[in-house]
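Notes to accompany the following structure.
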Amino acid sequence: MTAVPADPPLSRRAVAVWVVGLATYLLAVFHRSSLAVAGLVAAQRFDIGAGALATFTMVQLLVYAGMQIPVGLLVDRYGPKAVLMTGAAVLTLAQSGFALAESYPEALAARVFVGMGDAMTFICVLRLVNTWFAPRRIPIITQLTGVVGQSGAILAAIPMTYGLAHLGWTRTYLISASLGIVMCVGLAVLVHDAPGVRRTIGPAMSLSAIRTSLAASWRHPGTRLGFWMHFSTQFSATTLSLLWGYPFFVRGEHVSSATAGVLLTIMVLAVMSAGPVLGWRITVQPWHRSTLVLAIIAAIVTVWTVVLAWPGDAPLWLLVVLVVVCGVGGPASMIGFDMGRTSNPPDRLASATGIINQGGFLASLVLVVAIGLVLDARTPGDSTAYTAGAFRWAMSLQYLLWAVGLVQIWRYRRRTRAMILRHDPDLSLFRAGQHITS
């Protein structure tokens, strides 16, 4: 058996590049989440109702999901630094436009560009991680990137709440937008696309070449396995945190508003705690990445089943268990990116990452919309007084998505493992965390 080489020492330059990229991603999540505490102020400013207010978030996430593959292609062509700087600039201008918007259409257009800028960050940071760090360090650095970046949602709450109360809408959003200027300077000065290379340029690609590259990424069973991993693990936590968690706990399980807030906070803490642990685990046993994902999905399905089948309101301890296991599903979705990394060559890694990153967001958007439709269908008239029974029907829609995801994970894990063994019979390259098949 071939010996696995030791990892090279961690360089300060690699850490500096990662920290700047991570700060840019954290700022993107900050901007993405900045409306969460500004809903009532936005409704008054633009004279809109709940449906129009929800459209801000839905449009922003639709743009984010739709941009994943184009952004991946741009990164493969122009390098992560150029795309990351473009994303930071777009976010800065979009938040400035949102600060100055006086009408709902203007504000909605600004959120579209927030989604575009946001879409240009995460894939770029993952590309930098894959370029600057040794293969066996990449899984845990990737998990740390996701965990720290998502904390931007928490960091947005206090300063945005304070700013809106004391500085007003325009000044608060302009100040938050100005942080993007600092990020652009940091990216320009400190970030290189690769060690010893300030900027990497991929080959120009025609439409037919783009189709060929995307088809090659999608055709690989490892990419598809990563996609379905991301699809199946993320949507439950995202749906709870994005829109339906608070109403479900308050009206479906009849807890107080304060308790519902604590439950959602516990879920965020579970996300942050589980990420490094999962990153370490898949580094130690990469062969069992899909097994770990299947076990986490099984836990989420089991706890949801107990909650939905519980006679009357579920006890508080059970709801705590629910948000914890759903929270673990967030970082579990990141395992899909590691599957894509070891299944695709560097020249199409970003586009493969974009394909995988669509999975969880598409599932979440489908579920968010479907839950709303079921709640409306099972609630008389135009009332929003949703009942516990209506929520049980609505939340049961998750089983359809889990069923599809589990079948696909099982299919493509068999194909991926067979391909790995054909190309690397003794698993020496696989244990080193290197790309194996094309």
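Lettering and numbering for the structure tokens are positional, with chains as A, B, ... in the shown order, residues counted from 1 in each chain, and ligands counted from 1 in the shown order.
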
Contact residues around Phe133 in chain A with only C-alpha atoms at 8 Å, ignoring same-chain residues under 4 positions, as an NGL selection string | :A and (10 or 14 or 129 or 137-138)

Would you mind listing what lies within 7 Å of range 394-404 of chain A as a PyMOL selection string, with only C-alpha atoms counted and same-chain residues fewer than 3 positions away left out?
-> chain A and resi 232+371+374-375+390-391+407-408

Please produce a file of those selected residues containing N, CA and C atoms, as a compact mmCIF listing (two decimals), in the first residue's frame.
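Everything below was put into result.txt:
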```txt
# COMPACT_ATOMS: atom_id res chain seq x y z
N SER A 232 -30.71 16.84 0.55
CA SER A 232 -31.48 16.11 1.57
C SER A 232 -31.23 16.57 2.99
N ILE A 371 -45.26 24.55 1.85
CA ILE A 371 -45.84 24.67 3.19
C ILE A 371 -46.86 25.81 3.22
N VAL A 374 -50.12 24.67 1.53
CA VAL A 374 -50.89 23.73 2.35
C VAL A 374 -51.54 24.46 3.52
N LEU A 375 -50.82 25.36 4.16
CA LEU A 375 -51.40 26.11 5.28
C LEU A 375 -52.58 26.94 4.82
N ALA A 390 -53.05 21.95 10.67
CA ALA A 390 -52.57 22.44 9.37
C ALA A 390 -51.05 22.36 9.29
N PHE A 391 -50.38 22.67 10.38
CA PHE A 391 -48.92 22.59 10.39
C PHE A 391 -48.44 21.15 10.29
N VAL A 407 -33.24 7.97 -1.88
CA VAL A 407 -33.12 7.03 -3.01
C VAL A 407 -31.93 7.43 -3.89
N GLN A 408 -31.81 8.71 -4.17
CA GLN A 408 -30.73 9.17 -5.04
C GLN A 408 -29.35 9.05 -4.37
```

Once you count only C-alpha atoms, what closest atom pair and distance in Å to one decimal does each residue of range 239-302 of chain A within 7 Å of range 330-339 of chain A have, with rows by chain and rising residue number, as a Markdown table?
```
| residue | atom | partner | partner_atom | distance |
| --- | --- | --- | --- | --- |
| A:Val271 | CA | A:Gly330 | CA | 6.1 |
| A:Ala274 | CA | A:Pro331 | CA | 6.7 |
| A:Gly275 | CA | A:Pro331 | CA | 5.0 |
| A:Arg289 | CA | A:Ile335 | CA | 7.0 |
| A:Val293 | CA | A:Ala332 | CA | 6.4 |
```

Write out the residues from the selection above, keeping N, CA and C atoms, as an mmCIF file, in the first residue's frame.
```cif
data_model
loop_
_atom_site.group_PDB
_atom_site.id
_atom_site.type_symbol
_atom_site.label_atom_id
_atom_site.label_comp_id
_atom_site.auth_asym_id
_atom_site.auth_seq_id
_atom_site.Cartn_x
_atom_site.Cartn_y
_atom_site.Cartn_z
ATOM 1 N N VAL A 271 -25.696 24.283 14.638
ATOM 2 C CA VAL A 271 -24.991 24.402 13.361
ATOM 3 C C VAL A 271 -23.514 24.715 13.595
ATOM 4 N N ALA A 274 -21.616 21.658 15.348
ATOM 5 C CA ALA A 274 -21.473 20.404 14.599
ATOM 6 C C ALA A 274 -20.490 20.521 13.449
ATOM 7 N N GLY A 275 -20.330 21.715 12.877
ATOM 8 C CA GLY A 275 -19.494 21.867 11.695
ATOM 9 C C GLY A 275 -18.075 21.345 11.853
ATOM 10 N N ARG A 289 -18.283 9.088 4.209
ATOM 11 C CA ARG A 289 -18.968 10.379 4.144
ATOM 12 C C ARG A 289 -20.468 10.214 3.890
ATOM 13 N N VAL A 293 -23.848 11.002 6.282
ATOM 14 C CA VAL A 293 -24.983 11.802 5.823
ATOM 15 C C VAL A 293 -26.287 11.027 5.979
#
```

Determine the nearest neighbour of Leu214 in chain A from the options A:Leu263, A:Leu367, A:Ala352, A:Val20, counting only C-alpha atoms.
->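 Counting only C-alpha atoms, the residue closest to Leu214 in chain A is A:Ala352.
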
Residue contacts of range 378-380 of chain A (9 Å, only C-alpha atoms) excluding same-chain residues fewer than 6 positions away, as a list in words = Tyr386, Thr387, Gly389, Ala390 and Trp393 of chain A
